[in-house]
Amino acid sequence: MRTKVAIIGAGPAGLLLGQLLHTYGIDNIILERQTADYVLGRIRAGVLEDGTVSLLDEVGAGERAHREGLVHHGVEIAFGGVRHRIDMHAATGRTLMIYGQTEVTRDLMSARAAAGLTTVYQAADVKPHDFDSDTPRVSYAKDGITHEIACDFIAGCDGFHGVSRASVPESSIRTFERVYPFGWLGILSETPPVSPELIYTNHERGFSLCTMRSTHRSRYYLQCSLDDDIGQWPDDRFWDELKRRLDPRAVEHLVTGPSIEKSIAPLRSFVAEPMRFGRMFLAGDAAHIVPPTGAKGLNLAASDVHYLSQALREFYAEKSAAGIDAYSATALARVWKAVRFSWWMTSMLHKFPDTGEFGARIQLAELDYLVSSNAAMTSLSENYVGLPF
Ligand code: FAS
Ligand code: PHB
């Protein structure tokens with residue numbers, strides 16, 4: 001089998017890249033380790049930057065997002081029992097869309113199927129080969145038979161635990177990492193959101209986030225210990241702890257109900273440099289991870305594949321390698337700004353056991369300055385709505 005671009009991973013990065021390349025007339029195949037249902041079953045991001053929505057529009061997969069997504073003009077930051085609104089639209093003229101990653105993935109899968117493009121699900125033992133030559137290839141096993149795909153390029157869109165980055169010789173890659181001393185315990189419930197916009201709360205018991213997927217489906221997060229096990233968090237305990245961290249008005253409006261999903265995610269900042277190795281490119285979580293506090297993970301995957309698809313378009317249309325040569329530096333420039341912002345939001349809003357009372361006071365000073373300075377709120381807004389591609 002032969003294709004122009006072999007994409008490893010059918011998460012948002014791989015699927016969006018596949019559709020962008022198809023739009024530009026560049027043949028591609030996606031190899032995915034799991035089943036489509038498994039991929040759809042992972043509950044993850046909820047906030048789309050307008051740049052991400054524009055890419056969905058560009059590939060003809062944005063219609064349902066515009067119909068069902070919620071357009072938000074700001075968020076609230078709470079501390080000391082008081083909520084403060086950050087009017088991001090007033091500060092930037094831009095908006096956010098609340099539309100779950102699961103739905104983005106579903107829409108991209110539908111668009112791909114409608115275009116008759118090949119996605120091999122349950123592809124086992126996927127391996128990139130010879131990506132430091134002009135004749136890269138990818139092998140995989142399906143139903144006990146080993147297959148090989150000859151290609152011009154390989155796109156490693158296989159997430160943090162994927163095979164692509166792991167296939168790069170250690171001497172050719174540098175990684176930068178910070179692991180946070182806590183996790184996020186997330187719950188999904190068929191209950192109306194506690195407030196029309198997101199509420200990020202800094203509390204002495206720990207961080208909490210009130211978000212949503214629609215006007216009848218809410219998502220809540222609690223900062224939790226890395227030692228916590230999901231079995232220790234029955235729904236009642238989750239709701240009781242959330243109420244202890246929320247401001248009085250939020251507690252009054254909170255509607256609780258049975259969880260339809262509950263999971264604990266560790267938090268880390270991670271960047272691999274470079275993001276290109278000969279004929280193989282990394283994009284999305286395969287190259288970087290951010291703590292979800294800044295709502296950047298999915299949106300960074302989108303900007304990576306925007307840059308990569310433009311570079312490949314230029315290569316095939318104009319026989320120029322300028323774009324693919326510049327891909328890593330271009331993508332990393334935006335990645336590191338989002339890593340910084342996500343680290344800053346996480347540092348400001350979470351309880352850090354090792355920074356003590358002094359650290360807690362510094363956080364409150366940062367928060368107090370933020371909500372009393374238009375310049376500070378504009379800076380937060382610019383980063384949250386998404387820096388330019
Ligand atoms: P993904 O991990 O989504 O997709 C990679 C795909 O590659 C997967 O389908 C995987 O099965 C496949 N794969 C892996 N190894 C393979 C192999 N060897 N062969 C073939 N296929 C392989 N971001 C936010 O903005 N907000 C959030 O609230 C948020 N919450 C998150 C919660 C969790 C638990 C996690 C893990 C991430 C969260 N993120 C969040 C970040 C998340 O949304 C990612 O940024 C986003 O999924 C990135 O998309 P991809 O790069 O496509 O990686
Ligand atoms: C979500 O809706 O899941 C969400 C929103 C904002 C974040 C993280 C997660 O910062």
# chains A, B, ... in the order shown; residues from 1 in each chain; ligands from 1
call {"tool": "closest_atom_pairs", "arguments": {"of": "chain A", "to": "ligand 2", "cutoff": "7 Å", "atoms": "only C-alpha atoms and all ligand atoms", "output": "tab-separated table"}}
result
residue	atom	partner	partner_atom_place_in_ligand_line	distance
A:Arg44	CA	ligand 2	3 (O)	5.8
A:Ala45	CA	ligand 2	3 (O)	4.5
A:Gly46	CA	ligand 2	2 (O)	3.5
A:Val47	CA	ligand 2	5 (C)	5.3
A:Gly100	CA	ligand 2	2 (O)	6.9
A:Thr211	CA	ligand 2	2 (O)	4.9
A:Met212	CA	ligand 2	2 (O)	5.5
A:Arg213	CA	ligand 2	2 (O)	6.6
A:Arg219	CA	ligand 2	2 (O)	6.3
A:Pro292	CA	ligand 2	8 (C)	4.7
A:Thr293	CA	ligand 2	10 (O)	3.9
A:Gly294	CA	ligand 2	10 (O)	4.6
A:Ala295	CA	ligand 2	10 (O)	3.8
call {"tool": "write_last_selection", "arguments": {"atoms": "N, CA, C and O atoms", "output": "PDB file, in the first residue's frame"}}
result
ATOM      1  N   ARG A  44     -12.570  14.383  27.410  1.00  0.00           N
ATOM      2  CA  ARG A  44     -11.415  15.246  27.596  1.00  0.00           C
ATOM      3  C   ARG A  44     -11.800  16.713  27.473  1.00  0.00           C
ATOM      4  O   ARG A  44     -12.542  17.232  28.283  1.00  0.00           O
ATOM      5  N   ALA A  45     -11.285  17.395  26.501  1.00  0.00           N
ATOM      6  CA  ALA A  45     -11.382  18.848  26.460  1.00  0.00           C
ATOM      7  C   ALA A  45     -12.801  19.344  26.217  1.00  0.00           C
ATOM      8  O   ALA A  45     -13.670  18.607  25.751  1.00  0.00           O
ATOM      9  N   GLY A  46     -13.010  20.621  26.542  1.00  0.00           N
ATOM     10  CA  GLY A  46     -14.349  21.189  26.370  1.00  0.00           C
ATOM     11  C   GLY A  46     -14.358  22.580  25.766  1.00  0.00           C
ATOM     12  O   GLY A  46     -15.396  23.089  25.373  1.00  0.00           O
ATOM     13  N   VAL A  47     -13.201  23.231  25.655  1.00  0.00           N
ATOM     14  CA  VAL A  47     -13.161  24.625  25.192  1.00  0.00           C
ATOM     15  C   VAL A  47     -12.413  24.712  23.871  1.00  0.00           C
ATOM     16  O   VAL A  47     -11.280  24.234  23.761  1.00  0.00           O
ATOM     17  N   GLY A 100     -17.590  19.722  23.338  1.00  0.00           N
ATOM     18  CA  GLY A 100     -16.678  18.687  23.848  1.00  0.00           C
ATOM     19  C   GLY A 100     -15.787  18.074  22.786  1.00  0.00           C
ATOM     20  O   GLY A 100     -16.174  17.936  21.616  1.00  0.00           O
ATOM     21  N   THR A 211     -17.537  23.593  34.675  1.00  0.00           N
ATOM     22  CA  THR A 211     -17.648  23.801  33.235  1.00  0.00           C
ATOM     23  C   THR A 211     -18.835  23.008  32.732  1.00  0.00           C
ATOM     24  O   THR A 211     -19.685  22.572  33.526  1.00  0.00           O
ATOM     25  N   MET A 212     -18.914  22.787  31.435  1.00  0.00           N
ATOM     26  CA  MET A 212     -20.148  22.179  30.924  1.00  0.00           C
ATOM     27  C   MET A 212     -19.903  21.597  29.550  1.00  0.00           C
ATOM     28  O   MET A 212     -18.857  21.846  28.934  1.00  0.00           O
ATOM     29  N   ARG A 213     -20.896  20.845  29.026  1.00  0.00           N
ATOM     30  CA  ARG A 213     -20.872  20.368  27.650  1.00  0.00           C
ATOM     31  C   ARG A 213     -22.083  20.906  26.907  1.00  0.00           C
ATOM     32  O   ARG A 213     -22.078  20.986  25.689  1.00  0.00           O
ATOM     33  N   ARG A 219     -19.835  19.547  33.615  1.00  0.00           N
ATOM     34  CA  ARG A 219     -18.577  18.859  33.939  1.00  0.00           C
ATOM     35  C   ARG A 219     -17.924  19.635  35.053  1.00  0.00           C
ATOM     36  O   ARG A 219     -17.883  20.880  35.029  1.00  0.00           O
ATOM     37  N   PRO A 292      -4.574  20.962  32.009  1.00  0.00           N
ATOM     38  CA  PRO A 292      -5.789  21.452  31.350  1.00  0.00           C
ATOM     39  C   PRO A 292      -6.293  22.802  31.881  1.00  0.00           C
ATOM     40  O   PRO A 292      -7.257  23.334  31.361  1.00  0.00           O
ATOM     41  N   THR A 293      -5.632  23.373  32.870  1.00  0.00           N
ATOM     42  CA  THR A 293      -6.100  24.617  33.494  1.00  0.00           C
ATOM     43  C   THR A 293      -6.271  25.739  32.473  1.00  0.00           C
ATOM     44  O   THR A 293      -7.108  26.614  32.632  1.00  0.00           O
ATOM     45  N   GLY A 294      -5.458  25.731  31.412  1.00  0.00           N
ATOM     46  CA  GLY A 294      -5.554  26.802  30.427  1.00  0.00           C
ATOM     47  C   GLY A 294      -6.399  26.445  29.218  1.00  0.00           C
ATOM     48  O   GLY A 294      -6.523  27.230  28.285  1.00  0.00           O
ATOM     49  N   ALA A 295      -6.956  25.211  29.232  1.00  0.00           N
ATOM     50  CA  ALA A 295      -7.809  24.729  28.124  1.00  0.00           C
ATOM     51  C   ALA A 295      -7.056  24.808  26.799  1.00  0.00           C
ATOM     52  O   ALA A 295      -7.595  25.286  25.795  1.00  0.00           O
TER      53      ALA A 295
END
call {"tool": "residues_around", "arguments": {"residues": "A:Pro181", "least_positions_apart": "6", "cutoff": "9 Å", "atoms": "only C-alpha atoms", "output": "PDB file with all heavy atoms, in the first residue's frame"}}
result
ATOM      1  N   SER A 225      -5.466  14.431  45.243  1.00  0.00           N
ATOM      2  CA  SER A 225      -4.126  13.909  45.489  1.00  0.00           C
ATOM      3  C   SER A 225      -3.767  12.877  44.420  1.00  0.00           C
ATOM      4  O   SER A 225      -4.649  12.173  43.900  1.00  0.00           O
ATOM      5  CB  SER A 225      -4.085  13.235  46.875  1.00  0.00           C
ATOM      6  OG  SER A 225      -2.984  12.351  46.936  1.00  0.00           O
ATOM      7  N   LEU A 226      -2.485  12.782  44.111  1.00  0.00           N
ATOM      8  CA  LEU A 226      -2.050  11.748  43.150  1.00  0.00           C
ATOM      9  C   LEU A 226      -2.250  10.351  43.720  1.00  0.00           C
ATOM     10  O   LEU A 226      -2.270   9.375  42.981  1.00  0.00           O
ATOM     11  CB  LEU A 226      -0.570  11.965  42.801  1.00  0.00           C
ATOM     12  CG  LEU A 226      -0.285  13.173  41.895  1.00  0.00           C
ATOM     13  CD1 LEU A 226       1.225  13.376  41.746  1.00  0.00           C
ATOM     14  CD2 LEU A 226      -0.942  12.992  40.535  1.00  0.00           C
ATOM     15  N   PRO A 266      -3.684  12.857  35.711  1.00  0.00           N
ATOM     16  CA  PRO A 266      -2.495  13.517  36.263  1.00  0.00           C
ATOM     17  C   PRO A 266      -2.216  14.808  35.495  1.00  0.00           C
ATOM     18  O   PRO A 266      -2.699  14.965  34.365  1.00  0.00           O
ATOM     19  CB  PRO A 266      -1.391  12.497  36.040  1.00  0.00           C
ATOM     20  CG  PRO A 266      -1.827  11.731  34.826  1.00  0.00           C
ATOM     21  CD  PRO A 266      -3.346  11.693  34.876  1.00  0.00           C
ATOM     22  N   LEU A 267      -1.489  15.721  36.077  1.00  0.00           N
ATOM     23  CA  LEU A 267      -1.170  16.987  35.398  1.00  0.00           C
ATOM     24  C   LEU A 267       0.331  17.090  35.174  1.00  0.00           C
ATOM     25  O   LEU A 267       1.120  16.813  36.070  1.00  0.00           O
ATOM     26  CB  LEU A 267      -1.646  18.182  36.239  1.00  0.00           C
ATOM     27  CG  LEU A 267      -3.056  18.704  35.963  1.00  0.00           C
ATOM     28  CD1 LEU A 267      -4.100  17.631  36.254  1.00  0.00           C
ATOM     29  CD2 LEU A 267      -3.356  19.941  36.769  1.00  0.00           C
ATOM     30  N   PHE A 352      -0.583  24.232  46.484  1.00  0.00           N
ATOM     31  CA  PHE A 352       0.697  23.530  46.384  1.00  0.00           C
ATOM     32  C   PHE A 352       1.188  23.216  47.795  1.00  0.00           C
ATOM     33  O   PHE A 352       1.486  24.136  48.567  1.00  0.00           O
ATOM     34  CB  PHE A 352       1.717  24.402  45.646  1.00  0.00           C
ATOM     35  CG  PHE A 352       1.495  24.470  44.171  1.00  0.00           C
ATOM     36  CD1 PHE A 352       0.482  25.259  43.643  1.00  0.00           C
ATOM     37  CD2 PHE A 352       2.278  23.730  43.304  1.00  0.00           C
ATOM     38  CE1 PHE A 352       0.262  25.320  42.275  1.00  0.00           C
ATOM     39  CE2 PHE A 352       2.061  23.784  41.923  1.00  0.00           C
ATOM     40  CZ  PHE A 352       1.059  24.588  41.421  1.00  0.00           C
ATOM     41  N   PRO A 353       1.288  21.934  48.131  1.00  0.00           N
ATOM     42  CA  PRO A 353       1.663  21.569  49.502  1.00  0.00           C
ATOM     43  C   PRO A 353       3.014  22.135  49.928  1.00  0.00           C
ATOM     44  O   PRO A 353       3.215  22.507  51.072  1.00  0.00           O
ATOM     45  CB  PRO A 353       1.697  20.039  49.482  1.00  0.00           C
ATOM     46  CG  PRO A 353       1.603  19.612  48.066  1.00  0.00           C
ATOM     47  CD  PRO A 353       1.048  20.744  47.280  1.00  0.00           C
TER      48      PRO A 353
END
call {"tool": "residues_around", "arguments": {"residues": "stretch 369-378 of chain A", "least_positions_apart": "2", "cutoff": "10 Å", "atoms": "only C-alpha atoms", "output": "PDB file with all heavy atoms, in the first residue's frame"}}
result
ATOM      1  N   GLU A  76     -15.257  33.156  34.895  1.00  0.00           N
ATOM      2  CA  GLU A  76     -15.159  33.763  36.234  1.00  0.00           C
ATOM      3  C   GLU A  76     -14.027  33.107  37.005  1.00  0.00           C
ATOM      4  O   GLU A  76     -13.787  31.898  36.877  1.00  0.00           O
ATOM      5  CB  GLU A  76     -16.488  33.594  36.992  1.00  0.00           C
ATOM      6  CG  GLU A  76     -17.608  34.456  36.399  1.00  0.00           C
ATOM      7  CD  GLU A  76     -18.862  34.439  37.252  1.00  0.00           C
ATOM      8  OE1 GLU A  76     -19.543  33.394  37.262  1.00  0.00           O
ATOM      9  OE2 GLU A  76     -19.161  35.459  37.904  1.00  0.00           O
ATOM     10  N   ILE A  77     -13.332  33.932  37.753  1.00  0.00           N
ATOM     11  CA  ILE A  77     -12.264  33.457  38.635  1.00  0.00           C
ATOM     12  C   ILE A  77     -12.745  33.736  40.063  1.00  0.00           C
ATOM     13  O   ILE A  77     -13.155  34.866  40.381  1.00  0.00           O
ATOM     14  CB  ILE A  77     -10.944  34.227  38.405  1.00  0.00           C
ATOM     15  CG1 ILE A  77     -10.522  34.155  36.925  1.00  0.00           C
ATOM     16  CG2 ILE A  77      -9.859  33.726  39.348  1.00  0.00           C
ATOM     17  CD1 ILE A  77      -9.730  32.944  36.519  1.00  0.00           C
ATOM     18  N   ALA A  78     -12.755  32.709  40.918  1.00  0.00           N
ATOM     19  CA  ALA A  78     -13.248  32.907  42.296  1.00  0.00           C
ATOM     20  C   ALA A  78     -12.114  32.647  43.287  1.00  0.00           C
ATOM     21  O   ALA A  78     -11.323  31.718  43.121  1.00  0.00           O
ATOM     22  CB  ALA A  78     -14.410  31.950  42.565  1.00  0.00           C
ATOM     23  N   ARG A  83     -16.652  35.751  43.341  1.00  0.00           N
ATOM     24  CA  ARG A  83     -16.395  35.490  41.916  1.00  0.00           C
ATOM     25  C   ARG A  83     -16.120  36.800  41.182  1.00  0.00           C
ATOM     26  O   ARG A  83     -16.770  37.811  41.440  1.00  0.00           O
ATOM     27  CB  ARG A  83     -17.617  34.818  41.274  1.00  0.00           C
ATOM     28  CG  ARG A  83     -17.658  33.341  41.596  1.00  0.00           C
ATOM     29  CD  ARG A  83     -18.990  32.713  41.572  1.00  0.00           C
ATOM     30  NE  ARG A  83     -19.788  32.887  40.349  1.00  0.00           N
ATOM     31  CZ  ARG A  83     -20.984  32.301  40.231  1.00  0.00           C
ATOM     32  NH1 ARG A  83     -21.451  31.573  41.223  1.00  0.00           N
ATOM     33  NH2 ARG A  83     -21.685  32.462  39.137  1.00  0.00           N
ATOM     34  N   HIS A  84     -15.162  36.759  40.273  1.00  0.00           N
ATOM     35  CA  HIS A  84     -14.805  37.947  39.482  1.00  0.00           C
ATOM     36  C   HIS A  84     -14.871  37.557  38.007  1.00  0.00           C
ATOM     37  O   HIS A  84     -14.246  36.569  37.612  1.00  0.00           O
ATOM     38  CB  HIS A  84     -13.378  38.410  39.819  1.00  0.00           C
ATOM     39  CG  HIS A  84     -13.161  38.664  41.284  1.00  0.00           C
ATOM     40  ND1 HIS A  84     -13.280  39.917  41.852  1.00  0.00           N
ATOM     41  CD2 HIS A  84     -12.849  37.821  42.309  1.00  0.00           C
ATOM     42  CE1 HIS A  84     -13.052  39.825  43.157  1.00  0.00           C
ATOM     43  NE2 HIS A  84     -12.783  38.551  43.464  1.00  0.00           N
ATOM     44  N   ARG A  85     -15.607  38.330  37.219  1.00  0.00           N
ATOM     45  CA  ARG A  85     -15.750  37.969  35.814  1.00  0.00           C
ATOM     46  C   ARG A  85     -14.631  38.579  34.976  1.00  0.00           C
ATOM     47  O   ARG A  85     -14.289  39.753  35.128  1.00  0.00           O
ATOM     48  CB  ARG A  85     -17.113  38.425  35.271  1.00  0.00           C
ATOM     49  CG  ARG A  85     -17.350  37.982  33.840  1.00  0.00           C
ATOM     50  CD  ARG A  85     -18.797  38.063  33.433  1.00  0.00           C
ATOM     51  NE  ARG A  85     -18.985  37.449  32.115  1.00  0.00           N
ATOM     52  CZ  ARG A  85     -18.897  38.116  30.966  1.00  0.00           C
ATOM     53  NH1 ARG A  85     -18.617  39.422  31.000  1.00  0.00           N
ATOM     54  NH2 ARG A  85     -19.061  37.508  29.809  1.00  0.00           N
ATOM     55  N   ILE A  86     -14.083  37.784  34.103  1.00  0.00           N
ATOM     56  CA  ILE A  86     -13.085  38.269  33.128  1.00  0.00           C
ATOM     57  C   ILE A  86     -13.817  38.340  31.780  1.00  0.00           C
ATOM     58  O   ILE A  86     -14.187  37.303  31.226  1.00  0.00           O
ATOM     59  CB  ILE A  86     -11.893  37.290  32.998  1.00  0.00           C
ATOM     60  CG1 ILE A  86     -11.360  36.899  34.380  1.00  0.00           C
ATOM     61  CG2 ILE A  86     -10.816  37.900  32.112  1.00  0.00           C
ATOM     62  CD1 ILE A  86     -10.356  37.812  35.009  1.00  0.00           C
ATOM     63  N   ASP A  87     -14.070  39.556  31.308  1.00  0.00           N
ATOM     64  CA  ASP A  87     -14.821  39.735  30.055  1.00  0.00           C
ATOM     65  C   ASP A  87     -13.846  39.648  28.884  1.00  0.00           C
ATOM     66  O   ASP A  87     -13.265  40.645  28.450  1.00  0.00           O
ATOM     67  CB  ASP A  87     -15.540  41.096  30.059  1.00  0.00           C
ATOM     68  CG  ASP A  87     -16.475  41.232  28.855  1.00  0.00           C
ATOM     69  OD1 ASP A  87     -16.296  40.460  27.869  1.00  0.00           O
ATOM     70  OD2 ASP A  87     -17.378  42.098  28.880  1.00  0.00           O
ATOM     71  N   MET A  88     -13.652  38.430  28.376  1.00  0.00           N
ATOM     72  CA  MET A  88     -12.638  38.208  27.343  1.00  0.00           C
ATOM     73  C   MET A  88     -13.049  38.830  26.012  1.00  0.00           C
ATOM     74  O   MET A  88     -12.212  39.277  25.234  1.00  0.00           O
ATOM     75  CB  MET A  88     -12.417  36.710  27.179  1.00  0.00           C
ATOM     76  CG  MET A  88     -11.875  36.092  28.455  1.00  0.00           C
ATOM     77  SD  MET A  88     -11.412  34.377  28.200  1.00  0.00           S
ATOM     78  CE  MET A  88     -10.754  34.013  29.835  1.00  0.00           C
ATOM     79  N   HIS A  89     -14.345  38.868  25.748  1.00  0.00           N
ATOM     80  CA  HIS A  89     -14.807  39.463  24.479  1.00  0.00           C
ATOM     81  C   HIS A  89     -14.543  40.964  24.480  1.00  0.00           C
ATOM     82  O   HIS A  89     -14.070  41.525  23.489  1.00  0.00           O
ATOM     83  CB  HIS A  89     -16.297  39.181  24.278  1.00  0.00           C
ATOM     84  CG  HIS A  89     -16.815  39.668  22.963  1.00  0.00           C
ATOM     85  ND1 HIS A  89     -17.618  40.793  22.854  1.00  0.00           N
ATOM     86  CD2 HIS A  89     -16.629  39.215  21.693  1.00  0.00           C
ATOM     87  CE1 HIS A  89     -17.905  41.012  21.579  1.00  0.00           C
ATOM     88  NE2 HIS A  89     -17.322  40.058  20.847  1.00  0.00           N
ATOM     89  N   ALA A  90     -14.798  41.618  25.636  1.00  0.00           N
ATOM     90  CA  ALA A  90     -14.539  43.065  25.737  1.00  0.00           C
ATOM     91  C   ALA A  90     -13.044  43.338  25.545  1.00  0.00           C
ATOM     92  O   ALA A  90     -12.644  44.313  24.912  1.00  0.00           O
ATOM     93  CB  ALA A  90     -15.001  43.578  27.088  1.00  0.00           C
ATOM     94  N   ALA A  91     -12.214  42.430  26.061  1.00  0.00           N
ATOM     95  CA  ALA A  91     -10.759  42.650  26.022  1.00  0.00           C
ATOM     96  C   ALA A  91     -10.159  42.320  24.663  1.00  0.00           C
ATOM     97  O   ALA A  91      -9.167  42.921  24.248  1.00  0.00           O
ATOM     98  CB  ALA A  91     -10.087  41.788  27.098  1.00  0.00           C
ATOM     99  N   THR A  92     -10.778  41.351  23.942  1.00  0.00           N
ATOM    100  CA  THR A  92     -10.110  40.882  22.707  1.00  0.00           C
ATOM    101  C   THR A  92     -10.998  40.938  21.468  1.00  0.00           C
ATOM    102  O   THR A  92     -10.516  40.751  20.358  1.00  0.00           O
ATOM    103  CB  THR A  92      -9.695  39.397  22.877  1.00  0.00           C
ATOM    104  OG1 THR A  92     -10.900  38.591  22.982  1.00  0.00           O
ATOM    105  CG2 THR A  92      -8.833  39.202  24.111  1.00  0.00           C
ATOM    106  N   GLN A 363      -0.187  33.737  45.771  1.00  0.00           N
ATOM    107  CA  GLN A 363      -1.302  33.415  44.864  1.00  0.00           C
ATOM    108  C   GLN A 363      -2.423  34.437  45.014  1.00  0.00           C
ATOM    109  O   GLN A 363      -2.963  34.939  44.027  1.00  0.00           O
ATOM    110  CB  GLN A 363      -1.847  32.019  45.187  1.00  0.00           C
ATOM    111  CG  GLN A 363      -1.053  30.862  44.638  1.00  0.00           C
ATOM    112  CD  GLN A 363      -1.750  29.545  44.920  1.00  0.00           C
ATOM    113  OE1 GLN A 363      -2.511  29.404  45.897  1.00  0.00           O
ATOM    114  NE2 GLN A 363      -1.515  28.562  44.070  1.00  0.00           N
ATOM    115  N   LEU A 364      -2.774  34.749  46.273  1.00  0.00           N
ATOM    116  CA  LEU A 364      -3.882  35.696  46.491  1.00  0.00           C
ATOM    117  C   LEU A 364      -3.517  37.080  45.976  1.00  0.00           C
ATOM    118  O   LEU A 364      -4.354  37.799  45.416  1.00  0.00           O
ATOM    119  CB  LEU A 364      -4.263  35.724  47.979  1.00  0.00           C
ATOM    120  CG  LEU A 364      -4.906  34.437  48.498  1.00  0.00           C
ATOM    121  CD1 LEU A 364      -5.183  34.538  49.998  1.00  0.00           C
ATOM    122  CD2 LEU A 364      -6.192  34.125  47.719  1.00  0.00           C
ATOM    123  N   ALA A 365      -2.229  37.440  46.099  1.00  0.00           N
ATOM    124  CA  ALA A 365      -1.796  38.740  45.571  1.00  0.00           C
ATOM    125  C   ALA A 365      -1.905  38.749  44.045  1.00  0.00           C
ATOM    126  O   ALA A 365      -2.363  39.721  43.433  1.00  0.00           O
ATOM    127  CB  ALA A 365      -0.358  39.017  46.005  1.00  0.00           C
ATOM    128  N   GLU A 366      -1.516  37.632  43.429  1.00  0.00           N
ATOM    129  CA  GLU A 366      -1.599  37.507  41.961  1.00  0.00           C
ATOM    130  C   GLU A 366      -3.055  37.609  41.509  1.00  0.00           C
ATOM    131  O   GLU A 366      -3.400  38.334  40.579  1.00  0.00           O
ATOM    132  CB  GLU A 366      -1.029  36.135  41.548  1.00  0.00           C
ATOM    133  CG  GLU A 366      -1.130  35.806  40.069  1.00  0.00           C
ATOM    134  CD  GLU A 366       0.134  36.173  39.315  1.00  0.00           C
ATOM    135  OE1 GLU A 366       1.210  35.697  39.734  1.00  0.00           O
ATOM    136  OE2 GLU A 366       0.046  36.920  38.322  1.00  0.00           O
ATOM    137  N   LEU A 367      -3.935  36.913  42.227  1.00  0.00           N
ATOM    138  CA  LEU A 367      -5.365  36.929  41.873  1.00  0.00           C
ATOM    139  C   LEU A 367      -5.967  38.314  42.095  1.00  0.00           C
ATOM    140  O   LEU A 367      -6.726  38.826  41.263  1.00  0.00           O
ATOM    141  CB  LEU A 367      -6.108  35.878  42.701  1.00  0.00           C
ATOM    142  CG  LEU A 367      -5.844  34.431  42.298  1.00  0.00           C
ATOM    143  CD1 LEU A 367      -6.196  33.476  43.446  1.00  0.00           C
ATOM    144  CD2 LEU A 367      -6.621  34.076  41.039  1.00  0.00           C
ATOM    145  N   LEU A 380      -4.560  37.804  30.314  1.00  0.00           N
ATOM    146  CA  LEU A 380      -5.166  36.464  30.498  1.00  0.00           C
ATOM    147  C   LEU A 380      -6.104  36.173  29.326  1.00  0.00           C
ATOM    148  O   LEU A 380      -6.065  35.074  28.735  1.00  0.00           O
ATOM    149  CB  LEU A 380      -5.944  36.411  31.814  1.00  0.00           C
ATOM    150  CG  LEU A 380      -6.523  35.048  32.207  1.00  0.00           C
ATOM    151  CD1 LEU A 380      -6.683  34.937  33.723  1.00  0.00           C
ATOM    152  CD2 LEU A 380      -7.842  34.725  31.539  1.00  0.00           C
ATOM    153  N   SER A 381      -6.904  37.164  28.955  1.00  0.00           N
ATOM    154  CA  SER A 381      -7.894  36.951  27.876  1.00  0.00           C
ATOM    155  C   SER A 381      -7.226  36.601  26.548  1.00  0.00           C
ATOM    156  O   SER A 381      -7.649  35.673  25.845  1.00  0.00           O
ATOM    157  CB  SER A 381      -8.755  38.200  27.715  1.00  0.00           C
ATOM    158  OG  SER A 381      -9.456  38.471  28.924  1.00  0.00           O
ATOM    159  N   GLU A 382      -6.154  37.329  26.212  1.00  0.00           N
ATOM    160  CA  GLU A 382      -5.466  37.085  24.928  1.00  0.00           C
ATOM    161  C   GLU A 382      -4.979  35.639  24.834  1.00  0.00           C
ATOM    162  O   GLU A 382      -5.087  34.981  23.799  1.00  0.00           O
ATOM    163  CB  GLU A 382      -4.231  37.986  24.800  1.00  0.00           C
ATOM    164  CG  GLU A 382      -4.500  39.411  24.435  1.00  0.00           C
ATOM    165  CD  GLU A 382      -3.191  40.190  24.255  1.00  0.00           C
ATOM    166  OE1 GLU A 382      -2.134  39.760  24.779  1.00  0.00           O
ATOM    167  OE2 GLU A 382      -3.222  41.231  23.595  1.00  0.00           O
ATOM    168  N   ASN A 383      -4.466  35.160  25.972  1.00  0.00           N
ATOM    169  CA  ASN A 383      -3.929  33.792  25.973  1.00  0.00           C
ATOM    170  C   ASN A 383      -5.042  32.760  25.989  1.00  0.00           C
ATOM    171  O   ASN A 383      -4.951  31.722  25.335  1.00  0.00           O
ATOM    172  CB  ASN A 383      -3.008  33.597  27.191  1.00  0.00           C
ATOM    173  CG  ASN A 383      -1.651  34.245  26.990  1.00  0.00           C
ATOM    174  OD1 ASN A 383      -0.765  33.662  26.375  1.00  0.00           O
ATOM    175  ND2 ASN A 383      -1.490  35.469  27.459  1.00  0.00           N
ATOM    176  N   TYR A 384      -6.115  33.061  26.725  1.00  0.00           N
ATOM    177  CA  TYR A 384      -7.177  32.062  26.865  1.00  0.00           C
ATOM    178  C   TYR A 384      -7.945  31.887  25.549  1.00  0.00           C
ATOM    179  O   TYR A 384      -8.240  30.757  25.144  1.00  0.00           O
ATOM    180  CB  TYR A 384      -8.144  32.479  27.983  1.00  0.00           C
ATOM    181  CG  TYR A 384      -9.008  31.349  28.506  1.00  0.00           C
ATOM    182  CD1 TYR A 384      -8.669  30.648  29.664  1.00  0.00           C
ATOM    183  CD2 TYR A 384     -10.170  30.966  27.844  1.00  0.00           C
ATOM    184  CE1 TYR A 384      -9.453  29.603  30.134  1.00  0.00           C
ATOM    185  CE2 TYR A 384     -10.968  29.922  28.306  1.00  0.00           C
ATOM    186  CZ  TYR A 384     -10.604  29.250  29.445  1.00  0.00           C
ATOM    187  OH  TYR A 384     -11.380  28.224  29.915  1.00  0.00           O
TER     188      TYR A 384
END
call {"tool": "residues_near_ligand", "arguments": {"ligand": "ligand 1", "cutoff": "6 Å", "atoms": "only C-alpha atoms and all ligand atoms", "output": "PyMOL selection string"}}
result
chain A and resi 8-14+31-34+39+44-46+126+157-159+161-163+265+284-286+292+295-298+301
call {"tool": "atom_distance", "arguments": {"atom1": "atom CA of A:Ser309", "atom2": "atom CA of A:Arg112"}}
result
15.9 Å
call {"tool": "select_by_dssp", "arguments": {"residues": "stretch 75-251 of chain A", "states": "alpha helix (DSSP H)", "output": "count of residues only"}}
result
34
